[in-house]
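**Q** Have a peek at entry_37.txt (compact mmCIF, C-alpha atoms and all ligand atoms).
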```txt
# COMPACT_ATOMS: atom_id res chain seq x y z
CA MET A 223 -52.67 136.65 -306.20
CA SER A 224 -48.95 137.12 -305.63
CA LYS A 225 -47.37 134.85 -303.04
CA PRO A 226 -43.83 135.61 -301.82
CA LEU A 227 -41.32 132.77 -302.17
CA ARG A 228 -38.55 133.65 -299.73
CA ILE A 229 -35.22 132.26 -300.88
CA ALA A 230 -31.85 131.55 -299.25
CA VAL A 231 -29.10 131.11 -301.83
CA LEU A 232 -26.11 129.20 -300.46
CA GLY A 233 -22.94 130.03 -302.36
CA CYS A 234 -21.79 133.25 -303.97
CA GLY A 235 -19.78 131.96 -306.92
CA PHE A 236 -20.63 131.32 -310.58
CA MET A 237 -23.83 129.37 -309.83
CA GLY A 238 -24.88 131.71 -307.02
CA ARG A 239 -24.85 134.50 -309.60
CA ALA A 240 -26.67 132.49 -312.26
CA HIS A 241 -29.43 131.51 -309.81
CA SER A 242 -29.78 134.97 -308.22
CA ASN A 243 -30.22 136.49 -311.66
CA ALA A 244 -32.80 133.88 -312.60
CA TRP A 245 -34.87 134.38 -309.44
CA LEU A 246 -34.87 138.14 -310.05
CA GLN A 247 -35.85 137.82 -313.70
CA VAL A 248 -38.26 134.92 -313.78
CA ASN A 249 -41.50 136.82 -313.11
CA HIS A 250 -40.64 139.56 -315.59
CA PHE A 251 -40.90 137.05 -318.40
CA PHE A 252 -43.02 134.20 -317.00
CA PRO A 253 -45.72 135.66 -314.75
CA ARG A 254 -46.33 133.21 -311.91
CA GLU A 255 -48.29 133.31 -308.62
CA HIS A 256 -45.05 133.02 -306.63
CA THR A 257 -42.84 136.09 -306.39
CA PRO A 258 -39.23 135.16 -305.54
CA VAL A 259 -37.73 137.28 -302.75
CA LEU A 260 -33.95 137.19 -302.29
CA LYS A 261 -34.06 136.92 -298.51
CA VAL A 262 -30.58 135.81 -297.53
CA ALA A 263 -27.23 135.10 -299.19
CA VAL A 264 -25.10 132.52 -297.41
CA ALA A 265 -21.38 131.66 -297.49
CA ARG A 266 -18.55 130.64 -295.18
CA PRO A 267 -17.06 133.16 -292.70
CA GLU A 268 -13.82 133.21 -294.79
CA GLU A 269 -15.84 134.61 -297.70
CA LYS A 270 -17.57 137.41 -295.76
CA GLU A 271 -16.22 140.25 -297.88
CA LYS A 272 -17.09 138.51 -301.16
CA LEU A 273 -20.53 137.65 -299.78
CA GLU A 274 -21.26 141.25 -298.81
CA LYS A 275 -20.43 142.44 -302.33
CA PHE A 276 -22.50 139.63 -303.82
CA ALA A 277 -25.51 140.41 -301.58
CA LYS A 278 -25.33 144.09 -302.51
CA ALA A 279 -24.99 143.41 -306.22
CA TRP A 280 -28.07 141.18 -306.31
CA GLY A 281 -30.17 143.00 -303.71
CA TYR A 282 -30.33 140.38 -300.94
CA GLU A 283 -32.08 141.55 -297.77
CA SER A 284 -29.44 139.98 -295.50
CA ILE A 285 -26.38 137.74 -295.30
CA GLU A 286 -25.66 134.73 -293.11
CA LEU A 287 -22.35 132.98 -292.38
CA ASP A 288 -23.83 129.86 -290.80
CA TRP A 289 -25.76 127.77 -293.34
CA ARG A 290 -27.65 125.85 -290.63
CA LYS A 291 -29.05 129.08 -289.21
CA ALA A 292 -30.14 130.19 -292.68
CA ILE A 293 -31.94 126.90 -293.27
CA HIS A 294 -33.90 127.16 -290.03
CA ARG A 295 -34.98 130.78 -290.47
CA ASP A 296 -38.78 131.11 -290.32
CA ASP A 297 -38.72 133.71 -293.05
CA VAL A 298 -37.14 131.33 -295.61
CA ASP A 299 -39.23 128.96 -297.77
CA LEU A 300 -36.67 127.63 -300.26
CA ILE A 301 -33.02 126.62 -299.98
CA ASP A 302 -31.05 127.02 -303.20
CA VAL A 303 -27.81 125.01 -303.06
CA CYS A 304 -25.09 126.59 -305.21
CA LEU A 305 -22.21 125.15 -303.18
CA PRO A 306 -19.36 122.80 -304.08
CA ASN A 307 -20.47 119.17 -304.39
CA ASN A 308 -19.10 118.03 -301.01
CA MET A 309 -21.66 120.29 -299.26
CA HIS A 310 -24.77 119.09 -301.11
CA HIS A 311 -25.50 116.08 -298.90
CA ASP A 312 -25.45 117.77 -295.48
CA VAL A 313 -27.26 120.89 -296.65
CA VAL A 314 -30.02 119.04 -298.50
CA ILE A 315 -30.65 116.67 -295.58
CA GLU A 316 -30.89 119.58 -293.12
CA ALA A 317 -33.15 121.55 -295.47
CA ALA A 318 -35.44 118.55 -295.91
CA LYS A 319 -35.65 118.08 -292.13
CA ALA A 320 -36.61 121.75 -291.84
CA GLY A 321 -39.38 121.16 -294.40
CA LYS A 322 -37.96 123.62 -296.95
CA MET A 323 -38.28 123.42 -300.72
CA ILE A 324 -34.91 122.68 -302.32
CA VAL A 325 -33.14 123.61 -305.52
CA CYS A 326 -29.78 121.87 -305.89
CA GLU A 327 -27.00 122.38 -308.43
CA LYS A 328 -25.73 119.39 -310.39
CA PRO A 329 -24.31 116.85 -309.90
CA LEU A 330 -26.70 115.75 -307.16
CA ALA A 331 -23.95 114.45 -304.87
CA MET A 332 -20.35 113.29 -304.47
CA ASN A 333 -21.43 109.69 -305.04
CA LEU A 334 -24.42 107.35 -305.22
CA ALA A 335 -24.63 106.59 -301.49
CA GLU A 336 -24.90 110.30 -300.65
CA GLY A 337 -27.45 110.79 -303.41
CA GLU A 338 -29.61 107.95 -302.09
CA ALA A 339 -29.66 109.43 -298.59
CA MET A 340 -30.60 112.85 -300.01
CA VAL A 341 -33.48 111.44 -302.06
CA ALA A 342 -34.75 109.46 -299.05
CA ALA A 343 -34.70 112.66 -296.96
CA VAL A 344 -36.56 114.86 -299.45
CA GLU A 345 -39.12 112.15 -300.18
CA LYS A 346 -39.71 111.52 -296.46
CA ALA A 347 -40.20 115.26 -295.92
CA GLY A 348 -42.36 115.53 -299.07
CA VAL A 349 -40.71 118.82 -300.07
CA PRO A 350 -40.75 120.09 -303.68
CA ASN A 351 -37.27 119.74 -305.12
CA MET A 352 -35.32 120.09 -308.35
CA VAL A 353 -31.79 119.58 -309.62
CA SER A 354 -30.44 122.20 -311.97
CA PHE A 355 -29.71 120.34 -315.19
CA ASN A 356 -30.29 123.65 -316.93
CA TYR A 357 -29.47 122.51 -320.47
CA ARG A 358 -32.81 120.72 -320.80
CA ARG A 359 -34.21 124.25 -320.98
CA VAL A 360 -32.05 125.47 -323.87
CA PRO A 361 -34.90 126.03 -326.35
CA ALA A 362 -33.06 124.14 -329.11
CA ILE A 363 -32.60 121.11 -326.83
CA SER A 364 -36.27 121.24 -325.77
CA LEU A 365 -37.13 121.39 -329.46
CA ALA A 366 -34.99 118.30 -330.11
CA LYS A 367 -37.05 116.51 -327.43
CA GLN A 368 -40.24 117.58 -329.20
CA VAL A 369 -38.96 116.42 -332.59
CA ILE A 370 -37.98 113.02 -331.15
CA ASP A 371 -41.28 112.60 -329.27
CA GLU A 372 -43.18 113.43 -332.46
CA GLY A 373 -41.58 110.34 -334.01
CA ARG A 374 -39.64 112.30 -336.62
CA ILE A 375 -36.39 110.45 -335.95
CA GLY A 376 -37.99 107.02 -336.01
CA LYS A 377 -36.09 103.98 -334.86
CA PRO A 378 -32.88 105.32 -333.27
CA PHE A 379 -29.50 103.78 -334.13
CA HIS A 380 -26.75 106.09 -332.89
CA TYR A 381 -26.41 108.64 -330.08
CA ARG A 382 -23.16 110.62 -330.03
CA ALA A 383 -22.31 113.13 -327.28
CA THR A 384 -19.32 115.28 -326.44
CA TYR A 385 -18.71 117.71 -323.61
CA ASN A 386 -15.29 119.23 -324.12
CA GLN A 387 -13.45 122.20 -322.61
CA ASP A 388 -9.78 123.25 -322.48
CA TYR A 389 -9.18 125.22 -319.30
CA THR A 390 -6.94 122.76 -317.43
CA ILE A 391 -4.29 122.07 -320.07
CA SER A 392 -1.58 124.13 -318.36
CA ALA A 393 0.27 122.28 -315.60
CA ASP A 394 0.38 125.62 -313.73
CA VAL A 395 -3.37 125.59 -313.07
CA PRO A 396 -3.68 124.73 -309.38
CA GLN A 397 -6.30 122.41 -307.90
CA GLY A 398 -8.68 123.30 -305.07
CA GLY A 399 -9.75 126.56 -303.50
CA MET A 400 -12.93 128.42 -304.30
CA ALA A 401 -12.12 128.88 -308.00
CA LEU A 402 -10.84 125.41 -308.86
CA TRP A 403 -12.59 123.03 -306.46
CA ARG A 404 -13.81 121.10 -309.52
CA LEU A 405 -10.23 119.79 -309.87
CA ASP A 406 -10.10 118.48 -306.31
CA ALA A 407 -11.70 115.04 -305.95
CA LYS A 408 -12.25 115.52 -302.19
CA VAL A 409 -14.59 118.41 -303.01
CA ALA A 410 -15.96 117.47 -306.43
CA GLY A 411 -16.30 113.68 -306.09
CA SER A 412 -15.03 113.14 -309.63
CA GLY A 413 -13.68 115.14 -312.57
CA VAL A 414 -15.34 115.51 -315.95
CA THR A 415 -17.64 112.56 -315.20
CA GLY A 416 -19.66 114.34 -312.50
CA ASP A 417 -19.14 117.85 -313.82
CA LEU A 418 -19.67 117.53 -317.57
CA LEU A 419 -20.79 114.02 -318.47
CA ALA A 420 -23.58 114.33 -315.88
CA HIS A 421 -25.06 117.00 -318.20
CA SER A 422 -24.61 114.75 -321.26
CA ILE A 423 -26.18 111.77 -319.51
CA ASP A 424 -29.14 113.77 -318.23
CA THR A 425 -29.78 115.04 -321.76
CA ALA A 426 -29.18 111.64 -323.41
CA GLU A 427 -31.53 109.68 -321.16
CA TRP A 428 -34.16 112.42 -321.41
CA LEU A 429 -34.02 112.29 -325.21
CA ASN A 430 -33.23 108.65 -325.91
CA GLY A 431 -34.24 106.68 -322.80
CA PRO A 432 -32.17 104.69 -320.32
CA ILE A 433 -28.65 103.39 -320.86
CA VAL A 434 -28.48 99.72 -319.90
CA LYS A 435 -24.75 99.04 -320.02
CA LEU A 436 -21.50 100.84 -320.64
CA VAL A 437 -17.75 100.53 -320.78
CA ALA A 438 -15.55 103.50 -319.89
CA TYR A 439 -11.97 104.71 -319.96
CA THR A 440 -10.67 107.67 -317.96
CA GLU A 441 -7.34 109.52 -318.04
CA THR A 442 -5.61 111.94 -315.69
CA PHE A 443 -3.04 113.73 -317.84
CA ILE A 444 -1.36 115.83 -315.17
CA LYS A 445 -0.66 113.69 -312.15
CA GLN A 446 0.27 116.40 -309.64
CA ARG A 447 -0.84 119.98 -309.20
CA LYS A 448 -0.23 122.60 -306.56
CA HIS A 449 -3.16 122.76 -304.15
CA ALA A 450 -4.51 126.31 -303.85
CA GLU A 451 -5.17 125.89 -300.12
CA THR A 452 -2.03 124.10 -298.92
CA GLY A 453 0.37 125.54 -301.51
CA LYS A 454 1.85 122.01 -301.82
CA LEU A 455 2.18 119.79 -304.88
CA GLU A 456 -0.48 117.09 -304.42
CA PRO A 457 -1.64 114.09 -306.49
CA VAL A 458 -4.51 114.80 -308.89
CA THR A 459 -7.22 112.21 -308.36
CA ILE A 460 -9.96 113.45 -310.65
CA ASP A 461 -10.58 112.15 -314.17
CA ASP A 462 -9.35 114.84 -316.61
CA ALA A 463 -10.97 113.01 -319.51
CA CYS A 464 -13.50 110.22 -319.84
CA MET A 465 -14.89 108.30 -322.80
CA PHE A 466 -17.51 105.60 -322.75
CA LEU A 467 -19.51 103.37 -325.06
CA ALA A 468 -23.16 102.83 -324.16
CA VAL A 469 -26.04 100.58 -325.11
CA PHE A 470 -29.52 102.08 -324.70
CA ALA A 471 -32.66 100.13 -323.74
CA ASN A 472 -34.19 101.04 -327.13
CA GLY A 473 -31.39 99.16 -328.92
CA SER A 474 -29.42 102.18 -330.11
CA ILE A 475 -25.72 102.51 -329.25
CA GLY A 476 -23.87 105.58 -328.04
CA THR A 477 -20.47 107.19 -327.65
CA PHE A 478 -19.72 109.83 -325.03
CA GLU A 479 -16.52 111.88 -324.78
CA SER A 480 -15.60 114.51 -322.23
CA THR A 481 -12.35 116.28 -321.47
CA ARG A 482 -10.92 119.55 -320.21
CA TYR A 483 -7.94 119.14 -322.58
CA ALA A 484 -9.62 119.74 -325.95
CA ARG A 485 -7.61 122.77 -327.05
CA GLY A 486 -9.98 125.30 -328.62
CA ARG A 487 -13.16 123.88 -327.09
CA LYS A 488 -14.78 126.04 -324.40
CA ASN A 489 -18.20 124.56 -323.78
CA TYR A 490 -18.51 122.05 -326.61
CA ASN A 491 -21.59 120.23 -325.38
CA THR A 492 -22.98 118.43 -328.42
CA PHE A 493 -25.25 115.54 -329.28
CA GLU A 494 -26.45 113.86 -332.43
CA LEU A 495 -29.15 111.23 -332.70
CA ASN A 496 -29.42 109.32 -335.98
CA GLY A 497 -32.58 107.36 -336.62
CA GLU A 498 -34.28 105.59 -339.49
CA ASN A 499 -36.45 108.59 -340.45
CA GLY A 500 -34.24 111.51 -339.52
CA ALA A 501 -31.56 112.97 -337.27
CA VAL A 502 -30.94 115.88 -334.91
CA PHE A 503 -27.68 117.62 -334.00
CA PHE A 504 -27.02 120.29 -331.35
CA ASP A 505 -23.88 122.20 -330.26
CA LEU A 506 -23.93 124.48 -327.21
CA GLU A 507 -21.26 126.68 -328.83
CA ASP A 508 -23.98 127.50 -331.39
CA PRO A 509 -26.91 127.39 -328.94
CA HIS A 510 -29.73 128.90 -330.99
CA ILE A 511 -29.50 126.32 -333.72
CA LEU A 512 -31.05 122.88 -333.88
CA GLN A 513 -29.98 120.92 -336.94
CA TYR A 514 -32.58 118.50 -338.26
CA PHE A 515 -32.31 116.04 -341.12
CA ARG A 516 -35.67 114.89 -342.47
CA TYR A 517 -35.54 111.68 -344.45
CA ALA A 518 -38.93 109.97 -344.11
CA ASP A 519 -42.47 111.02 -343.25
CA PRO A 520 -43.04 110.01 -339.60
CA THR A 521 -46.62 108.84 -340.23
CA THR A 522 -46.06 106.76 -343.38
CA GLY A 523 -42.38 105.95 -342.83
CA LYS A 524 -41.92 106.63 -346.58
CA LYS A 525 -38.90 108.51 -347.93
CA ILE A 526 -39.78 112.13 -348.72
CA GLU A 527 -39.11 112.59 -352.43
CA ASP A 528 -37.39 115.95 -352.54
CA HIS A 529 -34.30 117.00 -354.47
CA LEU A 530 -33.49 119.47 -351.65
CA THR A 531 -33.20 116.90 -348.87
CA GLY A 532 -30.44 117.95 -346.47
CA TRP A 533 -29.68 119.26 -343.01
CA GLN A 534 -31.92 122.15 -341.90
CA ARG A 535 -30.43 124.74 -339.51
CA ILE A 536 -33.42 125.84 -337.45
CA HIS A 537 -32.92 129.20 -335.71
CA VAL A 538 -34.86 128.41 -332.54
CA THR A 539 -36.26 131.87 -331.81
CA ASN A 540 -39.83 131.73 -333.11
CA PHE A 541 -42.89 132.11 -330.90
CA GLU A 542 -43.86 128.48 -331.55
CA HIS A 543 -40.49 127.24 -330.23
CA PRO A 544 -40.16 126.12 -326.59
CA TYR A 545 -39.96 129.07 -324.13
CA MET A 546 -39.50 131.65 -326.92
CA LYS A 547 -42.93 133.28 -326.84
CA ASN A 548 -41.98 134.57 -323.36
CA TRP A 549 -38.82 136.25 -324.66
CA TRP A 550 -38.21 138.60 -327.58
CA VAL A 551 -39.47 138.77 -331.13
CA PRO A 552 -38.44 136.05 -333.63
CA GLY A 553 -34.76 136.21 -334.56
CA CYS A 554 -33.67 137.74 -331.25
CA THR A 555 -31.57 135.23 -329.36
CA ILE A 556 -31.36 134.37 -325.67
CA GLY A 557 -28.30 132.99 -323.86
CA TYR A 558 -26.81 130.88 -321.08
CA GLU A 559 -28.47 132.69 -318.16
CA HIS A 560 -31.92 132.21 -319.67
CA THR A 561 -31.69 128.44 -319.25
CA PHE A 562 -31.85 129.01 -315.48
CA ILE A 563 -34.78 131.43 -315.85
CA ASN A 564 -36.67 128.92 -318.01
CA SER A 565 -35.96 126.25 -315.36
CA PHE A 566 -37.28 128.34 -312.48
CA ALA A 567 -40.33 129.31 -314.55
CA ASP A 568 -41.18 125.60 -314.90
CA PHE A 569 -40.39 124.91 -311.25
CA LEU A 570 -42.73 127.69 -310.07
CA ALA A 571 -45.41 126.49 -312.48
CA SER A 572 -45.12 123.00 -310.95
CA LEU A 573 -45.81 124.49 -307.49
CA GLU A 574 -48.93 126.09 -308.93
CA GLY A 575 -50.55 122.97 -310.37
CA GLY A 576 -48.58 122.90 -313.65
CA PRO A 577 -46.72 119.87 -315.03
CA LYS A 578 -44.45 118.05 -312.55
CA PHE A 579 -40.93 119.49 -312.67
CA GLU A 580 -38.16 117.30 -314.03
CA PRO A 581 -35.48 116.48 -313.10
CA THR A 582 -36.27 116.03 -309.43
CA MET A 583 -33.62 114.68 -307.08
CA ARG A 584 -34.95 111.17 -307.71
CA SER A 585 -34.36 111.58 -311.46
CA ALA A 586 -30.94 113.12 -310.86
CA LEU A 587 -30.10 110.08 -308.74
CA ARG A 588 -30.38 108.02 -311.91
CA THR A 589 -27.69 110.21 -313.55
CA GLN A 590 -25.57 109.81 -310.42
CA ARG A 591 -25.95 106.03 -310.75
CA VAL A 592 -24.77 106.12 -314.38
CA CYS A 593 -21.76 108.27 -313.32
CA GLU A 594 -20.93 105.74 -310.61
CA CYS A 595 -21.07 102.90 -313.17
CA ILE A 596 -18.76 104.87 -315.51
CA LEU A 597 -16.15 105.27 -312.78
CA GLN A 598 -16.50 101.62 -311.76
CA SER A 599 -16.12 100.48 -315.38
CA ALA A 600 -13.00 102.63 -315.86
CA ARG A 601 -11.48 101.33 -312.63
CA GLU A 602 -12.19 97.69 -313.40
CA GLY A 603 -11.67 97.85 -317.17
CA ARG A 604 -14.92 96.07 -318.05
CA TRP A 605 -18.53 96.49 -319.16
CA VAL A 606 -20.94 97.39 -316.34
CA GLU A 607 -24.70 96.79 -316.40
CA ILE A 608 -26.73 99.67 -315.01
CA PRO A 609 -29.47 98.68 -312.59
CA ALA A 610 -32.85 100.13 -313.72
C1 LIG A 701 -17.38 123.59 -315.73
O1 LIG A 701 -16.44 124.40 -316.33
C2 LIG A 701 -18.78 124.15 -315.91
O2 LIG A 701 -18.85 125.39 -315.29
C3 LIG A 701 -19.79 123.18 -315.32
O3 LIG A 701 -19.63 123.01 -313.93
C4 LIG A 701 -21.18 123.65 -315.65
O4 LIG A 701 -22.14 122.76 -315.14
C5 LIG A 701 -21.26 123.76 -317.15
O5 LIG A 701 -22.52 124.05 -317.54
C6 LIG A 701 -20.26 124.77 -317.67
O6 LIG A 701 -19.00 124.30 -317.31
```
Take the structure I supplied and represent it as structure tokens, if you would.
Ligand code: SOE
**A**
Amino acid sequence: MSKPLRIAVLGCGFMGRAHSNAWLQVNHFFPREHTPVLKVAVARPEEKEKLEKFAKAWGYESIELDWRKAIHRDDVDLIDVCLPNNMHHDVVIEAAKAGKMIVCEKPLAMNLAEGEAMVAAVEKAGVPNMVSFNYRRVPAISLAKQVIDEGRIGKPFHYRATYNQDYTISADVPQGGMALWRLDAKVAGSGVTGDLLAHSIDTAEWLNGPIVKLVAYTETFIKQRKHAETGKLEPVTIDDACMFLAVFANGSIGTFESTRYARGRKNYNTFELNGENGAVFFDLEDPHILQYFRYADPTTGKKIEDHLTGWQRIHVTNFEHPYMKNWWVPGCTIGYEHTFINSFADFLASLEGGPKFEPTMRSALRTQRVCECILQSAREGRWVEIPA
């Protein structure tokens, strides 16, 4: 029996669009009991015109310029937070008090203290919640998880991650405003650490278990940028680039690199895990491919005698691959927006007695903690142990 799930999406930017599309599409591909209804689109009064266009484009029933009012509407069941990071805390706490289900964009919060308060509020209210670390639901990344859990990699030695982009190289790029709030520490909390490395950490700990200690270095290449709101040249206080070394609880060691100054790299989110029996490699700029190197049989641990041993490029589009039987026929690829659809499909299934959805806000708090330790390590120039 179909059950309407009435949604308020807060924010009408890049993520507002990605989430609206996913709510509209999810039941076409993953039939669920809940039917998402785009009830109300919400933004600030200054964005009224943009919001009206957004609401029309995606078929929202109404708009609202006061987020508190939207949260307390009786005809809304779920609050979907697609707002800049400095809004997450207040909105999530209010939504939890109102007893609403919550979807929140990453990173969870501006900092650990905010994240802790948010988790306490949602757990006290007992409301279903999720944080949108959408890359877990790239089929090739889900397949990497399956390959690792099947023991095909064996004892892990090295984890290597990058998340590189190049859109802030020009000194003329301003900071702040609706388009570039990610460059303004007062709104974003941090730079590449919270924005990009949060993705890499969520993936790494999901695949390879917890990081126990790390040492980090950050750099801000351009020290002053014009602020889009004030028009004045202001200090840049985000990290433009961050690198860290990590030790995992399973004994493997890792390197992580993230920057917005890697000329030529647009969304170069990669990882490689090298173990005793095999290895996996993934690159988001080539998202349908999982590379797998098979060295030893996972059950016997014996080297596979084969003169064709080498890296396999697996085109992750077959029915037996994660999520793919709900999409097209083998060989037909899916893209960025589908990672959000796959996520909402799993979230709805979890409301209907399916497996518990991960990551919840509690799990995303762990990523927030690692980010906090990275920034602390970079500030203090030393190794930092990460509390479990
Ligand atoms: C930054 O450019 C950004 O849009 C991130 O905020 C997203 O989380 C990432 O997936 C793509 O890049």
**Q** Residues proximal to (-30.6, 108.1, -325.0) were defined as those with any atom within 8 Å of that point in the file's coordinates, counting all atoms listed in the file. Which are they, as a PDB file with C-alpha atoms, keeping the file's coordinate frame?
**A**
```
ATOM      1  CA  TYR A 381     -26.410 108.640-330.080  1.00  0.00           C
ATOM      2  CA  ILE A 423     -26.180 111.770-319.510  1.00  0.00           C
ATOM      3  CA  THR A 425     -29.780 115.040-321.760  1.00  0.00           C
ATOM      4  CA  ALA A 426     -29.180 111.640-323.410  1.00  0.00           C
ATOM      5  CA  GLU A 427     -31.530 109.680-321.160  1.00  0.00           C
ATOM      6  CA  TRP A 428     -34.160 112.420-321.410  1.00  0.00           C
ATOM      7  CA  LEU A 429     -34.020 112.290-325.210  1.00  0.00           C
ATOM      8  CA  ASN A 430     -33.230 108.650-325.910  1.00  0.00           C
ATOM      9  CA  GLY A 431     -34.240 106.680-322.800  1.00  0.00           C
ATOM     10  CA  PRO A 432     -32.170 104.690-320.320  1.00  0.00           C
ATOM     11  CA  ILE A 433     -28.650 103.390-320.860  1.00  0.00           C
ATOM     12  CA  PHE A 470     -29.520 102.080-324.700  1.00  0.00           C
ATOM     13  CA  SER A 474     -29.420 102.180-330.110  1.00  0.00           C
ATOM     14  CA  GLY A 476     -23.870 105.580-328.040  1.00  0.00           C
TER      15      GLY A 476
END
```
**Q** Taking all atoms of segment 323-329 of chain A that the file lists, what box with edges along x, y and z, padded by 8 Å per side, do you get, with centre and edge lengths in Å to one decimal, as AutoDock Vina command-line options?
**A**
```
--center_x -31.3 --center_y 120.2 --center_z -305.6 --size_x 30.0 --size_y 22.8 --size_z 25.7
```
**Q** Could you list the protein, DNA and RNA residues that have any atom within 7 Å of ligand LIG 701 (chain A), counting all atoms listed in the file, and write them as an MDAnalysis selection string?
**A** chainID A and resid 328 417:418 489
**Q** Taking all atoms listed in the file into account, which of A:Gln598, A:Ala362, A:Gly486, A:Ala407 comes nearest Thr555 of chain A?
**A**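 Of A:Gln598, A:Ala362, A:Gly486, A:Ala407, the one nearest Thr555 of chain A is A:Ala362, counting all atoms listed in the file.
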**Q** Got a sec: who's within 10 Å of Pro609 of chain A, counting only C-alpha atoms, leaving out chain neighbours fewer than 6 positions off, as a list in words?
**A**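 So, after excluding close chain neighbours, the residues are Ile433, Val434, Lys435, Arg588, Arg591, Val592 and Cys595 of chain A.
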**Q** Just give me the gap between atom CA of Arg228 of chain A and atom CA of Ala292 of chain A in Å, one decimal is fine.
**A** 11.5 Å
**Q** Measuring between only C-alpha atoms, which one of A:Lys448, A:Ala420, A:Val360, A:Asp296 shows the shortest distance to Ile511 of chain A?
**A**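 Smallest separation from Ile511 of chain A among the options: A:Val360.
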**Q** What does the distance between atom CA of Arg604 of chain A and atom CA of Leu495 of chain A come to in Å, to one decimal place?
**A**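 Separation of atom CA of Arg604 of chain A and atom CA of Leu495 of chain A: 25.4 Å.
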**Q** Have a look at atom CA of Val502 of chain A and atom CA of Ser354 of chain A and let me know their distance in Å, one decimal.
**A**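 Spanning atom CA of Val502 of chain A to atom CA of Ser354 of chain A is a straight-line distance of 23.8 Å.
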**Q** Which polymer residues have any atom within 10 Å of an atom of Thr521 of chain A, counting all atoms listed in the file, with same-chain residues fewer than 2 positions away left out, as a list in words?
**A**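 In the requested form, the answer reads Glu372, Gly373, Arg374, Gly376, Ala518, Asp519, Gly523 and Lys524 of chain A.
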**Q** Which residue is closest to Ser412 of chain A? Choose from A:Ile285, A:Val538, A:Ala484, A:Met332 and count all atoms listed in the file.
**A**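 Of all the options, A:Met332 lies closest to Ser412 of chain A.
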**Q** Pick out the closest residue to Gly497 of chain A from this set: A:Ile475, A:Ala331, A:Ile596, A:Leu287. Count all atoms listed in the file.
**A**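 Between A:Ile475, A:Ala331, A:Ile596, A:Leu287, the residue approaching Gly497 of chain A most closely is A:Ile475.
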**Q** Any chance you could build segment 389-402 of chain A out to N, CA and C atoms and write it as a PDB file, keeping the file's coordinate frame?
**A**
```
ATOM      1  N   TYR A 389      -9.782 124.277-320.250  1.00  0.00           N
ATOM      2  CA  TYR A 389      -9.180 125.220-319.300  1.00  0.00           C
ATOM      3  C   TYR A 389      -8.184 124.628-318.318  1.00  0.00           C
ATOM      4  N   THR A 390      -7.910 123.320-318.393  1.00  0.00           N
ATOM      5  CA  THR A 390      -6.940 122.760-317.430  1.00  0.00           C
ATOM      6  C   THR A 390      -5.675 122.231-318.102  1.00  0.00           C
ATOM      7  N   ILE A 391      -5.448 122.635-319.349  1.00  0.00           N
ATOM      8  CA  ILE A 391      -4.290 122.070-320.070  1.00  0.00           C
ATOM      9  C   ILE A 391      -2.956 122.470-319.408  1.00  0.00           C
ATOM     10  N   SER A 392      -2.853 123.697-318.944  1.00  0.00           N
ATOM     11  CA  SER A 392      -1.580 124.130-318.360  1.00  0.00           C
ATOM     12  C   SER A 392      -1.333 123.444-317.027  1.00  0.00           C
ATOM     13  N   ALA A 393      -0.099 122.955-316.859  1.00  0.00           N
ATOM     14  CA  ALA A 393       0.270 122.280-315.600  1.00  0.00           C
ATOM     15  C   ALA A 393       0.315 123.289-314.456  1.00  0.00           C
ATOM     16  N   ASP A 394       0.319 124.579-314.778  1.00  0.00           N
ATOM     17  CA  ASP A 394       0.380 125.620-313.730  1.00  0.00           C
ATOM     18  C   ASP A 394      -0.970 125.885-313.079  1.00  0.00           C
ATOM     19  N   VAL A 395      -2.047 125.371-313.680  1.00  0.00           N
ATOM     20  CA  VAL A 395      -3.370 125.590-313.070  1.00  0.00           C
ATOM     21  C   VAL A 395      -3.394 124.799-311.758  1.00  0.00           C
ATOM     22  N   PRO A 396      -3.666 125.481-310.636  1.00  0.00           N
ATOM     23  CA  PRO A 396      -3.680 124.730-309.380  1.00  0.00           C
ATOM     24  C   PRO A 396      -4.970 123.935-309.218  1.00  0.00           C
ATOM     25  N   GLN A 397      -5.040 123.091-308.223  1.00  0.00           N
ATOM     26  CA  GLN A 397      -6.300 122.410-307.900  1.00  0.00           C
ATOM     27  C   GLN A 397      -6.795 122.981-306.569  1.00  0.00           C
ATOM     28  N   GLY A 398      -8.110 122.918-306.360  1.00  0.00           N
ATOM     29  CA  GLY A 398      -8.680 123.300-305.070  1.00  0.00           C
ATOM     30  C   GLY A 398      -8.932 124.791-304.928  1.00  0.00           C
ATOM     31  N   GLY A 399      -9.412 125.159-303.760  1.00  0.00           N
ATOM     32  CA  GLY A 399      -9.750 126.560-303.500  1.00  0.00           C
ATOM     33  C   GLY A 399     -11.102 126.887-304.087  1.00  0.00           C
ATOM     34  N   MET A 400     -11.583 128.084-303.860  1.00  0.00           N
ATOM     35  CA  MET A 400     -12.930 128.420-304.300  1.00  0.00           C
ATOM     36  C   MET A 400     -13.066 128.397-305.823  1.00  0.00           C
ATOM     37  N   ALA A 401     -11.998 128.790-306.545  1.00  0.00           N
ATOM     38  CA  ALA A 401     -12.120 128.880-308.000  1.00  0.00           C
ATOM     39  C   ALA A 401     -12.000 127.508-308.679  1.00  0.00           C
ATOM     40  N   LEU A 402     -11.158 126.649-308.130  1.00  0.00           N
ATOM     41  CA  LEU A 402     -10.840 125.410-308.860  1.00  0.00           C
ATOM     42  C   LEU A 402     -11.153 124.158-308.059  1.00  0.00           C
TER      43      LEU A 402
END
```
